Amino acid sequence: MTKKGFIFDLDGVIVDTAKYHFLAWKKLAHSIGVDFTEEQNEQLKGVSRVRSLEKILEWGNKTLSEDEFMKLMGLKNDDYLSFINNMGTSEILPDVTKTLDYLVEKKQAIALGSASKNATPILRKVELLDRFAAIVDGNDVSKAKPDPEVFLIGAKLLNINPEDCIVFEDSVAGVQAANAAHMIAIGIGEAHVLHEADYVFKDFTEMSQAFLEDLISGKINK
Ligand code: B16
Ligand code: MG
């Protein structure tokens, strides 16, 4: 049996940090007189920090000097980290730990593939860092999702061919990145939003052990 690589996105798959990004971006937007809604926050899922601020400025018709831009990014991240500091294991999304532990028990290779530059401290806070053989995050990539770079680096670090990797993603850009990497794309969220994924589950409680077993055995492939 060919060894498989399982690559997990972080925000929206393992933990719901979108709510903290929302609070931090809203405070920043208001500080420069720009409105910021939950709908707009949705559009920032899976999007890098730099690109997120660029989008907020576009929506508010604002321009900033390079210095102001960098300063605001720093302030946003400080705010975001103040929420992260209070995170604990109770914030892990349903059945994520069960799924990770099953894959560990089955000796599968597991990596993280996230746009966040705060991935390692978040995984440490929720006590899941030890489940991952490789972490690829916003500090390691030069091209953002939907570019496949983040997942291809993950496959390389796991020493598994991309075609033998399975990606769990909650964002449209992330699903597109998995497809571009020729990996099995499993959407976590709404089927009508993630329609480009090979399979979609509302969350990990809906994913059976038999399905995971079929991924491991290769019965399910791209
Ligand atoms: P940071 P993911 C993404 O994480 C978030 O979905 C996105 O909203 C955020 O802007 C991005 O990380 C960067 O996060 O500011 O912590 O570097 O979904 O790719 O795990
Ligand atoms: Mg995500």
# chains A, B, ... in the order shown; residues from 1 in each chain; ligands from 1
call {"tool": "residues_near_ligand", "arguments": {"ligand": "ligand 2", "cutoff": "8 Å", "atoms": "only C-alpha atoms and all ligand atoms", "output": "number ranges by chain"}}
result
A: 9-13, 45-46, 114-115, 169-171, 174
call {"tool": "residues_around", "arguments": {"residues": "Ile135 (chain A)", "least_positions_apart": "6", "cutoff": "12 Å", "atoms": "only C-alpha atoms", "output": "short mmCIF file (atom, residue, chain, number, x, y, z; two decimals) with N, CA and C atoms, in the first residue's frame"}}
result
data_model
loop_
_atom_site.label_atom_id
_atom_site.label_comp_id
_atom_site.auth_asym_id
_atom_site.auth_seq_id
_atom_site.Cartn_x
_atom_site.Cartn_y
_atom_site.Cartn_z
N PHE A 6 -1.50 13.38 4.51
CA PHE A 6 -2.72 14.12 4.84
C PHE A 6 -2.34 15.55 5.23
N ILE A 7 -2.84 16.52 4.46
CA ILE A 7 -2.45 17.91 4.70
C ILE A 7 -3.68 18.72 5.15
N PHE A 8 -3.56 19.29 6.33
CA PHE A 8 -4.67 20.03 6.93
C PHE A 8 -4.43 21.53 6.84
N ASP A 9 -5.44 22.27 6.37
CA ASP A 9 -5.46 23.72 6.53
C ASP A 9 -5.70 23.98 8.03
N LEU A 10 -5.46 25.21 8.50
CA LEU A 10 -5.63 25.48 9.93
C LEU A 10 -6.95 26.20 10.23
N ALA A 109 1.27 10.00 7.22
CA ALA A 109 2.08 11.22 7.30
C ALA A 109 1.12 12.42 7.33
N ILE A 110 1.33 13.31 8.30
CA ILE A 110 0.40 14.43 8.48
C ILE A 110 1.17 15.76 8.45
N ALA A 111 0.64 16.70 7.65
CA ALA A 111 1.27 18.03 7.58
C ALA A 111 0.21 19.11 7.73
N LEU A 112 0.68 20.31 8.07
CA LEU A 112 -0.20 21.48 8.09
C LEU A 112 0.14 22.31 6.85
N GLY A 113 -0.89 22.84 6.18
CA GLY A 113 -0.67 23.73 5.03
C GLY A 113 -1.56 24.95 5.18
N SER A 114 -1.03 26.00 5.81
CA SER A 114 -1.85 27.16 6.15
C SER A 114 -1.24 28.46 5.64
N ALA A 115 -2.09 29.45 5.37
CA ALA A 115 -1.62 30.77 4.97
C ALA A 115 -1.15 31.59 6.17
N SER A 116 -1.51 31.13 7.37
CA SER A 116 -1.23 31.93 8.57
C SER A 116 0.24 31.90 8.98
N LYS A 117 0.73 33.07 9.39
CA LYS A 117 2.09 33.13 9.93
C LYS A 117 2.10 32.79 11.42
N ASN A 118 0.91 32.58 11.98
CA ASN A 118 0.80 32.27 13.41
C ASN A 118 0.44 30.81 13.65
N ALA A 119 0.65 29.97 12.65
CA ALA A 119 0.18 28.57 12.75
C ALA A 119 0.80 27.81 13.91
N THR A 120 2.12 27.91 14.09
CA THR A 120 2.77 27.12 15.14
C THR A 120 2.28 27.52 16.54
N PRO A 121 2.25 28.83 16.88
CA PRO A 121 1.71 29.16 18.22
C PRO A 121 0.26 28.72 18.42
N ILE A 122 -0.55 28.76 17.36
CA ILE A 122 -1.95 28.33 17.51
C ILE A 122 -2.00 26.82 17.80
N LEU A 123 -1.25 26.03 17.03
CA LEU A 123 -1.25 24.57 17.25
C LEU A 123 -0.73 24.23 18.64
N ARG A 124 0.25 25.03 19.11
CA ARG A 124 0.79 24.79 20.46
C ARG A 124 -0.29 25.07 21.50
N LEU A 128 -1.98 20.51 19.69
CA LEU A 128 -2.01 19.56 18.58
C LEU A 128 -0.69 19.53 17.79
N LEU A 129 0.27 20.34 18.22
CA LEU A 129 1.51 20.47 17.45
C LEU A 129 2.19 19.12 17.21
N VAL A 141 5.97 30.31 2.34
CA VAL A 141 5.54 30.38 0.94
C VAL A 141 5.74 31.76 0.34
N VAL A 150 2.03 25.94 -1.19
CA VAL A 150 1.98 25.53 0.22
C VAL A 150 1.80 24.01 0.36
N PHE A 151 0.96 23.42 -0.48
CA PHE A 151 0.71 21.98 -0.38
C PHE A 151 1.84 21.16 -1.02
N ILE A 153 4.99 22.03 -1.01
CA ILE A 153 6.09 22.00 -0.02
C ILE A 153 5.76 20.97 1.06
N GLY A 154 4.48 20.94 1.47
CA GLY A 154 4.05 19.96 2.48
C GLY A 154 4.33 18.53 2.04
N ALA A 155 3.97 18.23 0.78
CA ALA A 155 4.19 16.87 0.24
C ALA A 155 5.67 16.54 0.24
N LYS A 156 6.47 17.53 -0.16
CA LYS A 156 7.91 17.33 -0.23
C LYS A 156 8.50 17.03 1.16
N LEU A 157 8.06 17.82 2.15
CA LEU A 157 8.56 17.61 3.51
C LEU A 157 8.13 16.24 4.06
N LEU A 158 6.96 15.79 3.64
CA LEU A 158 6.48 14.47 4.10
C LEU A 158 7.11 13.34 3.30
#
call {"tool": "atom_distance", "arguments": {"atom1": "atom 4 (O, counted along the ligand's line) of ligand 1", "atom2": "CA of Leu28 (chain A)"}}
result
18.5 Å
call {"tool": "select_by_dssp", "arguments": {"residues": "region 15-170 of chain A", "states": "strand (DSSP E)", "output": "list in words"}}
result
Ala109, Ile110, Ala111, Leu112, Gly113, Ala134, Ile135, Val136, Cys165, Ile166, Val167, Phe168 and Glu169 of chain A
call {"tool": "write_last_selection", "arguments": {"atoms": "N, CA, C and O atoms", "output": "tab-separated table (two decimals), in the first residue's frame"}}
result
chain	number	residue	atom	x	y	z
A	109	ALA	N	1.27	10.00	7.22
A	109	ALA	CA	2.08	11.22	7.30
A	109	ALA	C	1.12	12.42	7.33
A	109	ALA	O	0.23	12.53	6.49
A	110	ILE	N	1.33	13.31	8.30
A	110	ILE	CA	0.40	14.43	8.48
A	110	ILE	C	1.17	15.76	8.45
A	110	ILE	O	2.20	15.91	9.12
A	111	ALA	N	0.64	16.70	7.65
A	111	ALA	CA	1.27	18.03	7.58
A	111	ALA	C	0.21	19.11	7.73
A	111	ALA	O	-0.99	18.87	7.53
A	112	LEU	N	0.68	20.31	8.07
A	112	LEU	CA	-0.20	21.48	8.09
A	112	LEU	C	0.14	22.31	6.85
A	112	LEU	O	1.31	22.47	6.51
A	113	GLY	N	-0.89	22.84	6.18
A	113	GLY	CA	-0.67	23.73	5.03
A	113	GLY	C	-1.56	24.95	5.18
A	113	GLY	O	-2.71	24.94	4.76
A	134	ALA	N	5.12	17.77	9.64
A	134	ALA	CA	5.62	18.97	8.94
A	134	ALA	C	4.62	20.10	9.06
A	134	ALA	O	3.41	19.87	9.06
A	135	ILE	N	5.16	21.32	9.19
A	135	ILE	CA	4.30	22.51	9.24
A	135	ILE	C	4.72	23.42	8.09
A	135	ILE	O	5.89	23.82	8.01
A	136	VAL	N	3.79	23.74	7.21
A	136	VAL	CA	4.07	24.73	6.17
A	136	VAL	C	3.06	25.86	6.38
A	136	VAL	O	1.85	25.62	6.40
A	165	CYS	N	-1.41	12.62	-1.91
A	165	CYS	CA	-1.76	13.49	-0.78
A	165	CYS	C	-3.25	13.85	-0.80
A	165	CYS	O	-3.87	13.92	-1.85
A	166	ILE	N	-3.76	14.08	0.38
A	166	ILE	CA	-5.17	14.45	0.58
A	166	ILE	C	-5.18	15.76	1.36
A	166	ILE	O	-4.49	15.87	2.38
A	167	VAL	N	-5.93	16.75	0.87
A	167	VAL	CA	-5.97	18.06	1.53
A	167	VAL	C	-7.35	18.32	2.13
A	167	VAL	O	-8.37	18.10	1.47
A	168	PHE	N	-7.37	18.80	3.37
A	168	PHE	CA	-8.62	19.23	4.00
A	168	PHE	C	-8.62	20.75	4.03
A	168	PHE	O	-7.72	21.36	4.62
A	169	GLU	N	-9.60	21.37	3.41
A	169	GLU	CA	-9.62	22.83	3.22
A	169	GLU	C	-11.02	23.42	3.40
A	169	GLU	O	-12.00	22.81	2.98
call {"tool": "closest_residue", "arguments": {"among": "A:Asp35, A:Asp137, A:Glu66, A:Glu91", "to": "ligand 1", "atoms": "only C-alpha atoms and all ligand atoms"}}
result
A:Asp137
call {"tool": "atom_distance", "arguments": {"atom1": "CA of Ala29 (chain A)", "atom2": "CA of Arg49 (chain A)"}}
result
13.7 Å
call {"tool": "residues_around", "arguments": {"residues": "Ile160 (chain A)", "least_positions_apart": "6", "cutoff": "8 Å", "atoms": "only C-alpha atoms", "output": "list in words"}}
result
Lys3, Lys4 and Gly5 of chain A
call {"tool": "write_last_selection", "arguments": {"atoms": "C-alpha atoms", "output": "tab-separated table (two decimals), in the first residue's frame"}}
result
chain	number	residue	atom	x	y	z
A	3	LYS	CA	1.91	5.69	1.97
A	4	LYS	CA	-0.46	8.68	1.95
A	5	GLY	CA	0.07	12.27	3.06
